[in-house]
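One file, final.cif, carrying mmCIF, C-alpha atoms:
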data_upload
#
loop_
_atom_site.label_atom_id
_atom_site.label_comp_id
_atom_site.auth_asym_id
_atom_site.auth_seq_id
_atom_site.Cartn_x
_atom_site.Cartn_y
_atom_site.Cartn_z
CA MET A 982 72.24 -35.56 -18.04
CA LYS A 983 69.06 -37.49 -18.74
CA ILE A 984 66.60 -35.16 -20.39
CA ILE A 985 63.27 -37.04 -20.11
CA PRO A 986 62.74 -36.52 -16.35
CA TYR A 987 63.27 -32.78 -16.82
CA ILE A 988 60.73 -32.65 -19.64
CA LEU A 989 58.29 -34.40 -17.31
CA TYR A 990 59.09 -31.81 -14.61
CA LEU A 991 58.26 -29.07 -17.13
CA TYR A 992 54.93 -30.76 -17.84
CA LEU A 993 54.35 -30.90 -14.09
CA LEU A 994 54.92 -27.13 -13.96
CA ALA A 995 52.46 -26.55 -16.82
CA PHE A 996 49.95 -28.80 -15.02
CA PHE A 997 50.49 -26.78 -11.84
CA TYR A 998 49.95 -23.41 -13.55
CA SER A 999 46.93 -24.53 -15.58
CA ILE A 1000 45.02 -26.73 -13.11
CA LEU A 1001 46.66 -27.52 -9.76
CA SER A 1002 47.44 -23.97 -8.66
CA GLU A 1003 43.76 -23.01 -8.46
CA ILE A 1004 42.91 -26.13 -6.45
CA ILE A 1005 45.57 -25.68 -3.78
CA THR A 1006 45.28 -21.90 -3.44
CA ILE A 1007 44.23 -20.87 0.09
CA TYR A 1008 42.87 -17.31 0.44
CA GLY A 1009 44.78 -16.21 -2.65
CA VAL A 1010 48.04 -17.75 -1.43
CA THR A 1011 49.64 -20.56 -3.40
CA ILE A 1012 52.98 -22.32 -3.55
CA ASP A 1013 55.89 -21.25 -5.76
CA LEU A 1014 56.52 -24.62 -7.39
CA THR A 1015 59.07 -23.25 -9.89
CA VAL A 1016 61.56 -22.13 -7.24
CA LEU A 1017 60.91 -25.26 -5.18
CA MET A 1018 61.71 -27.51 -8.16
CA ILE A 1019 64.86 -25.57 -9.09
CA ALA A 1020 66.09 -25.74 -5.48
CA LEU A 1021 65.40 -29.50 -5.40
CA ILE A 1022 67.34 -30.00 -8.66
CA VAL A 1023 70.30 -27.98 -7.34
CA PHE A 1024 70.32 -29.81 -3.98
CA TYR A 1025 69.90 -33.32 -5.39
CA LYS A 1026 71.25 -33.07 -8.99
CA SER A 1027 73.68 -30.63 -10.61
CA GLU A 1028 74.08 -26.92 -11.32
CA GLU A 1029 74.09 -27.58 -15.07
CA ALA A 1030 70.73 -29.37 -14.94
CA ALA A 1031 69.31 -26.61 -12.72
CA LEU A 1032 70.49 -23.86 -15.09
CA TRP A 1033 68.90 -25.38 -18.19
CA PHE A 1034 65.80 -26.29 -16.23
CA SER A 1035 65.48 -22.77 -14.76
CA SER A 1036 65.55 -21.17 -18.25
CA ALA A 1037 62.87 -23.54 -19.57
CA ALA A 1038 60.82 -23.19 -16.36
CA ALA A 1039 61.00 -19.38 -16.67
CA ILE A 1040 59.47 -19.59 -20.16
CA ILE A 1041 56.70 -21.87 -18.91
CA ALA A 1042 56.01 -19.72 -15.85
CA ALA A 1043 55.81 -16.56 -18.00
CA THR A 1044 53.79 -18.08 -20.86
CA GLN A 1045 50.68 -16.17 -19.88
CA ARG A 1046 52.51 -12.90 -19.34
CA PRO A 1047 55.45 -12.67 -21.80
CA SER A 1048 56.39 -9.21 -20.43
CA SER A 1049 57.58 -10.82 -17.17
CA MET A 1050 59.70 -13.43 -19.02
CA PRO A 1051 63.05 -11.57 -18.70
CA TRP A 1052 62.53 -11.21 -14.92
CA GLU A 1053 61.63 -14.87 -14.61
CA ILE A 1054 64.73 -15.93 -16.56
CA ILE A 1055 67.12 -13.77 -14.53
CA SER A 1056 65.59 -14.49 -11.12
CA LEU A 1057 65.31 -18.27 -11.65
CA ALA A 1058 68.80 -18.62 -13.21
CA GLY A 1059 70.09 -16.52 -10.29
CA VAL A 1060 68.39 -18.90 -7.86
CA ALA A 1061 70.06 -21.89 -9.57
CA VAL A 1062 73.56 -20.35 -9.55
CA ILE A 1063 73.44 -18.96 -5.99
CA ALA A 1064 71.90 -22.16 -4.61
CA ASN A 1065 74.70 -24.17 -6.18
CA GLN A 1066 77.37 -21.87 -4.72
CA LEU A 1067 75.77 -22.22 -1.28
CA LYS A 1068 75.63 -25.99 -1.72
CA LEU A 1069 79.39 -26.06 -2.47
CA ARG A 1070 80.31 -23.81 0.45
CA MET A 1071 77.91 -24.85 3.20
CA ASN A 1072 76.83 -28.00 4.89
CA LEU A 1073 73.34 -28.56 3.48
CA GLU A 1074 72.77 -31.91 5.13
CA SER A 1075 70.75 -30.15 7.77
CA LEU A 1076 67.09 -29.84 6.87
CA VAL A 1077 66.85 -26.41 8.51
CA SER A 1078 69.71 -24.93 6.45
CA ARG A 1079 68.07 -26.14 3.22
CA LEU A 1080 64.75 -24.63 4.29
CA ILE A 1081 66.37 -21.28 5.19
CA ILE A 1082 68.04 -21.11 1.77
CA LEU A 1083 64.82 -22.11 0.04
CA GLY A 1084 62.93 -19.40 1.98
CA GLY A 1085 65.46 -16.78 0.86
CA PHE A 1086 65.05 -17.77 -2.78
CA LEU A 1087 61.28 -17.78 -2.56
CA LEU A 1088 61.34 -14.23 -1.20
CA ILE A 1089 63.79 -13.04 -3.90
CA HIS A 1090 61.78 -14.62 -6.73
CA ASN A 1091 58.40 -13.33 -5.53
CA ILE A 1092 59.75 -9.82 -4.91
CA ALA A 1093 61.31 -9.74 -8.41
CA ILE A 1094 58.09 -10.87 -10.10
CA THR A 1095 55.89 -8.54 -8.03
CA ALA A 1096 58.22 -5.63 -8.86
CA SER A 1097 58.00 -6.48 -12.58
CA ILE A 1098 54.18 -6.19 -12.40
CA SER A 1099 53.62 -3.21 -10.11
CA LEU A 1100 55.25 -1.64 -7.05
CA ASP A 1101 51.96 -0.13 -5.83
CA ASN A 1102 51.12 -1.18 -2.25
CA PHE A 1103 54.24 -3.32 -2.16
CA ALA A 1104 54.27 -3.54 1.67
CA PHE A 1105 50.70 -4.85 1.66
CA VAL A 1106 51.43 -7.43 -1.06
CA PHE A 1107 54.57 -8.49 0.79
CA ILE A 1108 52.74 -9.10 4.08
CA ARG A 1109 49.45 -10.40 2.68
CA TYR A 1110 50.72 -12.64 -0.11
CA ILE A 1111 54.49 -13.05 -0.37
CA ILE A 1112 55.21 -14.06 3.25
CA PRO A 1113 52.26 -16.52 3.51
CA GLY A 1114 53.15 -17.90 0.05
CA THR A 1115 56.73 -18.44 1.19
CA ALA A 1116 55.57 -20.17 4.37
CA TYR A 1117 53.18 -22.39 2.37
CA THR A 1118 55.94 -23.38 -0.08
CA LEU A 1119 58.37 -24.01 2.79
CA LEU A 1120 55.85 -26.38 4.35
CA VAL A 1121 55.62 -28.35 1.10
CA GLY A 1122 59.44 -28.17 0.74
CA TRP A 1123 59.86 -29.46 4.29
CA LEU A 1124 57.63 -32.47 3.50
CA ILE A 1125 59.60 -33.23 0.32
CA PHE A 1126 63.00 -32.87 2.06
CA PHE A 1127 61.77 -34.95 4.98
CA PHE A 1128 60.53 -37.85 2.85
CA SER A 1129 63.51 -37.66 0.52
CA ASP A 1130 65.98 -37.79 3.45
CA ASN A 1131 64.13 -40.68 5.09
CA ARG A 1132 64.05 -42.59 1.81
CA SER A 1133 67.83 -42.28 1.37
CA LEU A 1134 68.34 -43.35 4.99
CA LEU A 1135 66.16 -46.43 4.41
CA LYS A 1136 68.04 -47.22 1.20
CA SER A 1137 71.44 -47.04 2.88
CA ALA A 1138 70.18 -49.16 5.83
CA ASN A 1139 68.93 -51.88 3.47
CA GLU A 1140 72.14 -52.03 1.47
CA PRO A 1141 74.36 -55.02 2.41
CA SER A 1142 77.48 -53.82 4.23
CA MET B 842 98.13 -30.29 -18.88
CA ALA B 843 96.81 -30.42 -15.35
CA TRP B 844 95.16 -27.03 -15.83
CA PHE B 845 93.16 -28.13 -18.88
CA PRO B 846 90.10 -29.67 -17.16
CA THR B 847 89.74 -26.57 -14.94
CA VAL B 848 89.87 -24.15 -17.87
CA SER B 849 87.47 -26.32 -19.84
CA HIS B 850 85.05 -26.43 -16.90
CA LYS B 851 85.28 -22.64 -16.53
CA ASN B 852 84.69 -22.21 -20.26
CA ARG B 853 81.65 -24.47 -20.10
CA ARG B 854 80.19 -22.39 -17.27
CA LEU B 855 80.94 -19.20 -19.18
CA PHE B 856 79.23 -20.69 -22.23
CA LYS B 857 76.12 -21.58 -20.20
CA PHE B 858 75.90 -18.13 -18.60
CA SER B 859 76.42 -16.48 -22.00
CA LEU B 860 73.52 -18.48 -23.46
CA ILE B 861 71.23 -17.43 -20.59
CA ALA B 862 72.37 -13.80 -20.95
CA ILE B 863 71.64 -13.93 -24.72
CA LEU B 864 68.21 -15.45 -24.02
CA PHE B 865 67.52 -12.67 -21.47
CA LEU B 866 68.58 -9.93 -23.92
CA LEU B 867 66.50 -11.43 -26.75
CA VAL B 868 63.42 -11.55 -24.53
CA ALA B 869 63.97 -8.22 -22.77
CA PHE B 870 64.76 -6.20 -25.91
CA PRO B 871 61.96 -3.61 -26.40
CA GLY B 872 59.56 -4.70 -29.13
CA SER B 873 61.12 -8.16 -29.31
CA THR B 874 58.88 -10.93 -30.60
CA VAL B 875 61.01 -13.65 -29.01
CA GLY B 876 59.11 -13.53 -25.68
CA PRO B 877 55.63 -13.91 -27.23
CA PHE B 878 57.02 -16.57 -29.63
CA LEU B 879 58.47 -18.62 -26.75
CA GLY B 880 55.23 -18.12 -24.79
CA ASN B 881 53.20 -19.37 -27.75
CA LEU B 882 55.53 -22.34 -28.23
CA SER B 883 55.29 -23.23 -24.55
CA ALA B 884 51.48 -22.87 -24.62
CA THR B 885 51.28 -25.21 -27.62
CA ILE B 886 53.70 -27.86 -26.35
CA PHE B 887 53.27 -27.87 -22.58
CA TYR B 888 49.94 -26.23 -21.74
CA SER B 889 47.59 -27.38 -24.50
CA PRO B 890 47.07 -30.99 -23.19
CA PHE B 891 46.05 -29.59 -19.79
CA PHE B 892 43.88 -26.85 -21.31
CA LYS B 893 42.04 -29.50 -23.33
CA PHE B 894 41.66 -31.78 -20.31
CA ARG B 895 40.44 -28.92 -18.14
CA ASN B 896 37.97 -27.71 -20.76
CA TYR B 897 36.63 -31.25 -21.17
CA ILE B 898 36.11 -31.75 -17.42
CA GLU B 899 34.58 -28.31 -16.99
CA SER B 900 32.23 -28.78 -19.91
CA LEU B 901 31.03 -32.06 -18.40
CA GLN B 902 30.46 -30.43 -15.03
CA ASN B 903 28.77 -27.35 -16.38
CA VAL B 904 26.38 -28.66 -19.01
CA ALA B 905 23.39 -29.45 -16.79
CA VAL B 906 23.73 -26.42 -14.52
CA GLU B 907 24.39 -24.12 -17.45
CA ASN B 908 21.41 -25.46 -19.35
CA SER B 909 19.02 -24.73 -16.52
CA ARG B 910 20.54 -21.29 -15.89
CA LEU B 911 20.38 -20.37 -19.57
CA ARG B 912 16.71 -21.41 -19.84
CA ASN B 913 15.84 -19.06 -16.99
CA GLN B 914 18.00 -16.32 -18.41
CA LEU B 915 16.50 -16.74 -21.88
CA ALA B 916 12.99 -16.29 -20.52
CA GLN B 917 13.99 -13.11 -18.69
CA MET B 918 16.01 -11.78 -21.60
CA SER B 919 13.27 -12.22 -24.15
CA LEU B 920 11.00 -10.11 -21.96
CA GLN B 921 13.67 -7.43 -21.62
CA LEU B 922 14.51 -7.60 -25.31
CA ASN B 923 11.04 -6.55 -26.38
CA SER B 924 11.20 -3.40 -24.30
CA LEU B 925 14.78 -2.69 -25.42
CA VAL B 926 13.87 -3.00 -29.09
CA GLU B 927 11.15 -0.45 -28.52
CA ALA B 928 13.55 1.84 -26.66
CA ARG B 929 16.15 1.49 -29.44
CA ARG B 930 13.64 2.45 -32.10
CA GLU B 931 12.64 5.45 -30.05
CA ASN B 932 16.32 6.35 -29.50
CA GLN B 933 17.02 6.14 -33.25
CA ARG B 934 14.01 8.33 -34.01
CA LEU B 935 15.08 10.92 -31.47
CA ARG B 936 18.75 10.86 -32.59
CA LYS B 937 17.65 11.45 -36.16
CA PHE B 938 15.39 14.22 -34.97
CA ILE B 939 18.21 16.15 -33.18
CA GLY B 940 20.87 15.29 -35.78
CA PHE B 941 23.14 12.91 -33.71
CA ASP B 942 25.36 10.28 -35.44
CA ALA B 943 24.27 6.65 -35.16
CA PRO B 944 25.95 4.87 -32.23
CA PRO B 945 28.54 2.19 -33.13
CA SER B 946 27.09 -1.29 -33.39
CA PHE B 947 28.94 -4.37 -32.16
CA ARG B 948 28.77 -8.09 -32.78
CA LEU B 949 29.62 -10.56 -30.01
CA ALA B 950 32.21 -13.18 -31.02
CA PRO B 951 32.36 -15.98 -28.41
CA VAL B 952 35.79 -17.05 -27.12
CA LYS B 953 36.88 -19.50 -24.45
CA ILE B 954 39.40 -18.93 -21.70
CA VAL B 955 42.19 -21.47 -21.87
CA SER B 956 44.23 -20.18 -18.96
CA VAL B 957 44.28 -17.44 -16.36
CA MET B 958 47.53 -15.91 -15.16
CA GLN B 959 47.36 -15.09 -11.46
CA HIS B 960 49.82 -13.32 -9.25
CA PHE B 961 47.73 -13.39 -6.07
CA TYR B 962 44.82 -12.08 -8.21
CA PRO B 963 43.88 -12.76 -11.86
CA LEU B 964 45.90 -10.40 -14.06
CA SER B 965 45.53 -11.72 -17.58
CA ALA B 966 43.95 -14.60 -19.45
CA ILE B 967 44.65 -16.46 -22.64
CA ILE B 968 41.73 -17.00 -25.01
CA ASN B 969 41.43 -19.68 -27.67
CA LYS B 970 41.27 -17.32 -30.65
CA GLY B 971 44.00 -15.19 -32.19
CA LYS B 972 45.17 -13.32 -35.24
CA TYR B 973 43.91 -15.95 -37.69
CA ASP B 974 40.41 -15.63 -36.19
CA GLY B 975 40.36 -11.88 -36.71
CA ILE B 976 41.28 -10.88 -33.15
CA LYS B 977 43.05 -7.51 -32.91
CA ALA B 978 44.82 -5.64 -30.12
CA ASN B 979 42.67 -3.36 -27.91
CA GLN B 980 39.39 -5.12 -28.74
CA THR B 981 37.00 -5.17 -25.78
CA ILE B 982 36.25 -8.40 -23.92
CA VAL B 983 32.96 -8.81 -22.06
CA SER B 984 31.16 -11.52 -20.16
CA PRO B 985 27.38 -11.83 -19.69
CA PHE B 986 27.86 -9.83 -16.45
CA GLY B 987 29.93 -6.91 -17.72
CA LEU B 988 33.30 -5.62 -18.88
CA VAL B 989 36.23 -8.00 -18.46
CA GLY B 990 39.19 -6.27 -20.15
CA LYS B 991 40.89 -5.73 -23.47
CA ILE B 992 43.08 -7.67 -25.87
CA LYS B 993 46.70 -6.94 -24.98
CA GLU B 994 48.73 -9.24 -27.22
CA VAL B 995 47.64 -11.25 -30.23
CA MET B 996 49.32 -14.49 -31.25
CA PRO B 997 48.43 -16.64 -34.29
CA HIS B 998 45.92 -18.91 -32.51
CA THR B 999 45.58 -17.32 -29.08
CA ALA B 1000 45.43 -13.86 -27.55
CA THR B 1001 46.18 -12.39 -24.14
CA VAL B 1002 43.43 -10.45 -22.37
CA GLN B 1003 44.48 -7.77 -19.89
CA LEU B 1004 41.84 -8.01 -17.16
CA LEU B 1005 40.41 -5.05 -15.26
CA THR B 1006 42.07 -6.54 -12.17
CA ASP B 1007 45.55 -5.89 -13.62
CA PRO B 1008 46.92 -2.92 -11.63
CA GLY B 1009 48.30 -1.55 -14.92
CA ASN B 1010 44.82 -1.31 -16.44
CA ALA B 1011 42.72 1.82 -15.78
CA ILE B 1012 39.41 2.64 -17.41
CA SER B 1013 37.33 5.79 -17.69
CA VAL B 1014 33.83 5.26 -16.28
CA ARG B 1015 30.61 7.01 -15.36
CA VAL B 1016 28.25 6.64 -12.45
CA ALA B 1017 25.19 5.44 -14.40
CA ASP B 1018 22.64 7.61 -12.56
CA SER B 1019 24.55 10.84 -11.84
CA ARG B 1020 26.67 10.66 -15.09
CA GLN B 1021 29.72 11.69 -13.00
CA ILE B 1022 33.03 10.66 -14.66
CA GLY B 1023 35.86 8.85 -12.82
CA ILE B 1024 38.60 6.28 -13.31
CA VAL B 1025 38.40 2.67 -12.20
CA LYS B 1026 41.66 1.18 -10.95
CA PHE B 1027 42.57 -2.02 -9.17
CA SER B 1028 45.05 -2.53 -6.38
CA LEU B 1029 45.63 -5.54 -4.17
CA GLU B 1030 45.19 -3.41 -1.05
CA ASN B 1031 41.86 -1.75 -1.85
CA GLY B 1032 40.51 -4.01 -4.58
CA MET B 1033 38.62 -2.19 -7.33
CA ILE B 1034 38.22 1.54 -6.65
CA LEU B 1035 36.70 4.54 -8.38
CA ASP B 1036 39.36 7.23 -8.50
CA ASN B 1037 39.28 10.94 -9.40
CA LEU B 1038 35.71 11.34 -8.19
CA PRO B 1039 35.22 14.82 -6.66
CA ALA B 1040 34.31 14.97 -2.95
CA ASP B 1041 30.93 16.54 -3.76
CA ALA B 1042 30.02 13.89 -6.36
CA ASN B 1043 26.66 12.23 -5.99
CA VAL B 1044 27.38 8.54 -5.50
CA ALA B 1045 25.92 5.97 -3.13
CA LYS B 1046 26.25 2.31 -2.27
CA GLY B 1047 24.70 0.10 -4.96
CA ASP B 1048 25.12 2.61 -7.82
CA LEU B 1049 25.99 1.06 -11.16
CA ILE B 1050 29.31 2.06 -12.72
CA ILE B 1051 29.50 1.84 -16.51
CA SER B 1052 32.24 2.46 -19.07
CA SER B 1053 32.22 6.08 -20.28
CA GLY B 1054 33.48 5.49 -23.82
CA LEU B 1055 36.20 8.11 -23.27
CA GLY B 1056 39.69 6.97 -24.16
CA GLY B 1057 38.60 5.28 -27.35
CA ILE B 1058 39.17 1.65 -26.34
CA TYR B 1059 36.07 0.58 -24.43
CA PRO B 1060 32.61 1.46 -25.77
CA SER B 1061 30.28 3.33 -23.46
CA GLY B 1062 27.55 1.79 -21.33
CA LEU B 1063 29.17 -1.53 -20.38
CA PRO B 1064 28.61 -2.51 -16.71
CA VAL B 1065 31.93 -2.40 -14.82
CA ALA B 1066 31.00 -2.59 -11.13
CA ARG B 1067 28.64 -1.53 -8.38
CA VAL B 1068 29.52 0.83 -5.56
CA ASP B 1069 30.36 -1.13 -2.43
CA SER B 1070 31.32 1.66 -0.02
CA VAL B 1071 32.04 5.39 -0.14
CA TYR B 1072 34.61 7.15 2.06
CA ALA B 1073 34.67 10.96 2.04
CA ASN B 1074 37.23 12.56 4.35
CA GLN B 1075 36.93 16.28 5.14
CA GLY B 1076 39.51 18.38 3.33
CA GLU B 1077 40.17 15.76 0.64
CA ILE B 1078 39.50 16.69 -2.97
CA PHE B 1079 38.45 13.21 -4.05
CA LYS B 1080 36.25 10.51 -2.54
CA LEU B 1081 37.50 6.97 -2.06
CA VAL B 1082 34.87 4.73 -3.59
CA LYS B 1083 35.33 0.98 -3.28
CA LEU B 1084 33.63 -1.11 -5.94
CA ARG B 1085 32.33 -4.64 -6.30
CA PRO B 1086 33.25 -5.79 -9.85
CA ALA B 1087 30.32 -6.78 -12.06
CA VAL B 1088 32.33 -9.82 -13.14
CA ASN B 1089 33.74 -12.43 -10.76
CA PHE B 1090 37.28 -12.59 -12.11
CA PHE B 1091 37.98 -15.87 -10.32
CA GLU B 1092 35.23 -17.60 -12.29
CA ILE B 1093 35.50 -16.19 -15.80
CA ASP B 1094 34.97 -18.83 -18.45
CA GLU B 1095 33.02 -17.99 -21.58
CA LEU B 1096 33.71 -14.52 -22.88
CA TYR B 1097 32.86 -12.43 -25.92
CA VAL B 1098 34.97 -10.15 -28.07
CA LEU B 1099 33.18 -6.99 -29.16
CA VAL B 1100 33.69 -6.74 -32.92
CA ASN B 1101 32.89 -3.34 -34.36
CA GLU B 1102 30.63 -3.80 -37.36
CA LEU B 1103 31.04 -0.29 -38.73
#

Take the structure in the file and write it out as structure tokens.
Amino acid sequence: MKIIPYILYLYLLAFFYSILSEIITIYGVTIDLTVLMIALIVFYKSEEAALWFSSAAAIIAATQRPSSMPWEIISLAGVAVIANQLKLRMNLESLVSRLIILGGFLLIHNIAITASISLDNFAFVFIRYIIPGTAYTLLVGWLIFFFSDNRSLLKSANEPS
Amino acid sequence: MAWFPTVSHKNRRLFKFSLIAILFLLVAFPGSTVGPFLGNLSATIFYSPFFKFRNYIESLQNVAVENSRLRNQLAQMSLQLNSLVEARRENQRLRKFIGFDAPPSFRLAPVKIVSVMQHFYPLSAIINKGKYDGIKANQTIVSPFGLVGKIKEVMPHTATVQLLTDPGNAISVRVADSRQIGIVKFSLENGMILDNLPADANVAKGDLIISSGLGGIYPSGLPVARVDSVYANQGEIFKLVKLRPAVNFFEIDELYVLVNEL
């Protein structure tokens, strides 16, 4: 397992939380980059890499609110493990199946973090922020999956048979 | 030994899960310092380059605008200051006359926001000063526009500010004109509201809401919000009063810690 790319991914997360998040937020709704990155690592790399990465990503995501760190660790490690089990048992070549799984994880992670902060007006938060945030992240995820799939297709087409 | 690789693989997985479980327990244990320590480590290693970059860009952008705004503000403030100094002298004379204690006096210590934690709305912020700069838990944080929050956690070189927009933060306040006491709370559904205000309370749109000083954390008289709308339903004991915060929590930048000089 090469470690340097993952350290760069962690810096990307810190960049997202400190600068990028504010820029790409639309009406208070932003993407959940942490879950998206963990899902990408599980789908395209290994469970081991995703597990270590999820623990480090949880610490980075909870830097500004250490009280939510345990929830981040458990929910993100859970995402890594369950995503890997689904990858082993299901055919994830289809873009739609990957997006459905990603959507499920986004909902689980956001619900866990919202619950760790406050359960007041949960239904409102769920409809106003969590669902649009999930949709926004899925759109970004769809773009990444789409370009990544097309790149591998191009690569295999260019390889000499 | 065909079984060996399988057992070894299982053991490796068990080892990984055990490490994550240990990390979880260390962080989740009540009163544990591991969470804040890891947060501080992560802030130093991963966040600090971006904080510095962001501060640099923002300072470049803001200098000219800020300079012009501050010149205007200075002119207005110096006019107000003269009348306030007079009023303070009069207040001191009258307090002495009726035997009241002197009010606490505070010094403003400037701090800079290095990061804001948002979960759909700003909840907390990290400032660039900590324990080694004399910052203590529960100190009040203000901006030039009003009350911002209080110090929640103190680390060696940084501190976490719990903003008024954190749903877990409630503050005792007064309506400045009618002196009626209530509690300001924040929820994502209603925004900032004034709670526990009796249905017959005298409050109207535009009224200034200030901290009451009750509760012992926030000093009295700090602007918190203005009344945005008032809803009084028949048969209800309390009014629902929606507020417009004095501070724009999406744009907080330079803040001040109130340091008690007594």

Kindly assemble as JSON lines a list of the chain B residues that lie within 7 Å of chain A, each paired with its nearest atom pair and their distance in Å to one decimal, using all atoms listed in the file, sorted first by chain and then by ascending residue number.
{"residue": "B:Phe865", "atom": "CA", "partner": "A:Pro1051", "partner_atom": "CA", "distance": 5.4}
{"residue": "B:Val868", "atom": "CA", "partner": "A:Pro1051", "partner_atom": "CA", "distance": 5.8}
{"residue": "B:Ala869", "atom": "CA", "partner": "A:Pro1051", "partner_atom": "CA", "distance": 5.4}
{"residue": "B:Gly876", "atom": "CA", "partner": "A:Pro1047", "partner_atom": "CA", "distance": 5.4}
{"residue": "B:Pro877", "atom": "CA", "partner": "A:Pro1047", "partner_atom": "CA", "distance": 5.6}
{"residue": "B:Leu879", "atom": "CA", "partner": "A:Ile1040", "partner_atom": "CA", "distance": 6.7}
{"residue": "B:Gly880", "atom": "CA", "partner": "A:Thr1044", "partner_atom": "CA", "distance": 4.2}
{"residue": "B:Ser883", "atom": "CA", "partner": "A:Ile1041", "partner_atom": "CA", "distance": 6.0}
{"residue": "B:Ala884", "atom": "CA", "partner": "A:Thr1044", "partner_atom": "CA", "distance": 6.5}
{"residue": "B:Phe887", "atom": "CA", "partner": "A:Tyr992", "partner_atom": "CA", "distance": 5.8}
{"residue": "B:Tyr888", "atom": "CA", "partner": "A:Ala995", "partner_atom": "CA", "distance": 5.5}
{"residue": "B:Phe891", "atom": "CA", "partner": "A:Phe996", "partner_atom": "CA", "distance": 6.2}
{"residue": "B:Phe892", "atom": "CA", "partner": "A:Ser999", "partner_atom": "CA", "distance": 6.9}
{"residue": "B:Ser956", "atom": "CA", "partner": "A:Ser999", "partner_atom": "CA", "distance": 6.1}
{"residue": "B:Met958", "atom": "CA", "partner": "A:Gln1045", "partner_atom": "CA", "distance": 5.7}
{"residue": "B:Phe961", "atom": "CA", "partner": "A:Gly1009", "partner_atom": "CA", "distance": 5.3}
{"residue": "B:Tyr962", "atom": "CA", "partner": "A:Gly1009", "partner_atom": "CA", "distance": 6.9}
{"residue": "B:Ala966", "atom": "CA", "partner": "A:Gln1045", "partner_atom": "CA", "distance": 6.9}
{"residue": "B:Ile967", "atom": "CA", "partner": "A:Gln1045", "partner_atom": "CA", "distance": 6.6}
{"residue": "B:Pro1008", "atom": "CA", "partner": "A:Ser1099", "partner_atom": "CA", "distance": 6.9}
{"residue": "B:Leu1029", "atom": "CA", "partner": "A:Val1106", "partner_atom": "CA", "distance": 6.8}
{"residue": "B:Glu1030", "atom": "CA", "partner": "A:Phe1105", "partner_atom": "CA", "distance": 6.3}

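Of the listed residues (A:Leu1057, A:Leu1076, A:Ala1096, A:Ile984), A:Leu1057 comes nearest to Asp1013 (chain A); the distances count only C-alpha atoms.
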
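The residues returned by the PyMOL selection byres ((chain B and resi 997) around 10) for this structure are Phe878, Asn881, Lys970, Gly971, Lys972, Tyr973, Asp974, Gly975, Ile976, Val995, Met996, His998, Thr999 and Ala1000 of chain B.
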
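Coordinates place CA of Leu1081 (chain B) at a distance of 15.8 Å from CA of Leu1049 (chain B).
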
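Interatomic distance, CA of Leu1001 (chain A) to CA of Ala950 (chain B): 29.4 Å.
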
Margin query: Just to confirm, what's the straight-line distance from CA of His1090 (chain A) to CA of Leu1014 (chain A) in Å (one decimal)?
Written below: 11.3 Å

Checklist line | Residue nearest Phe1034 (chain A) - candidates B:Gly1047, B:Ile861, B:Arg853, B:Val904, atoms counted: all atoms listed in the file | finding: B:Ile861

Notebook entry, point to check: Closest to Phe1126 (chain A) among A:Ala1031, A:Ile985, A:Ile1022, A:Ala1039, using all atoms listed in the file?
Noted result: A:Ile1022
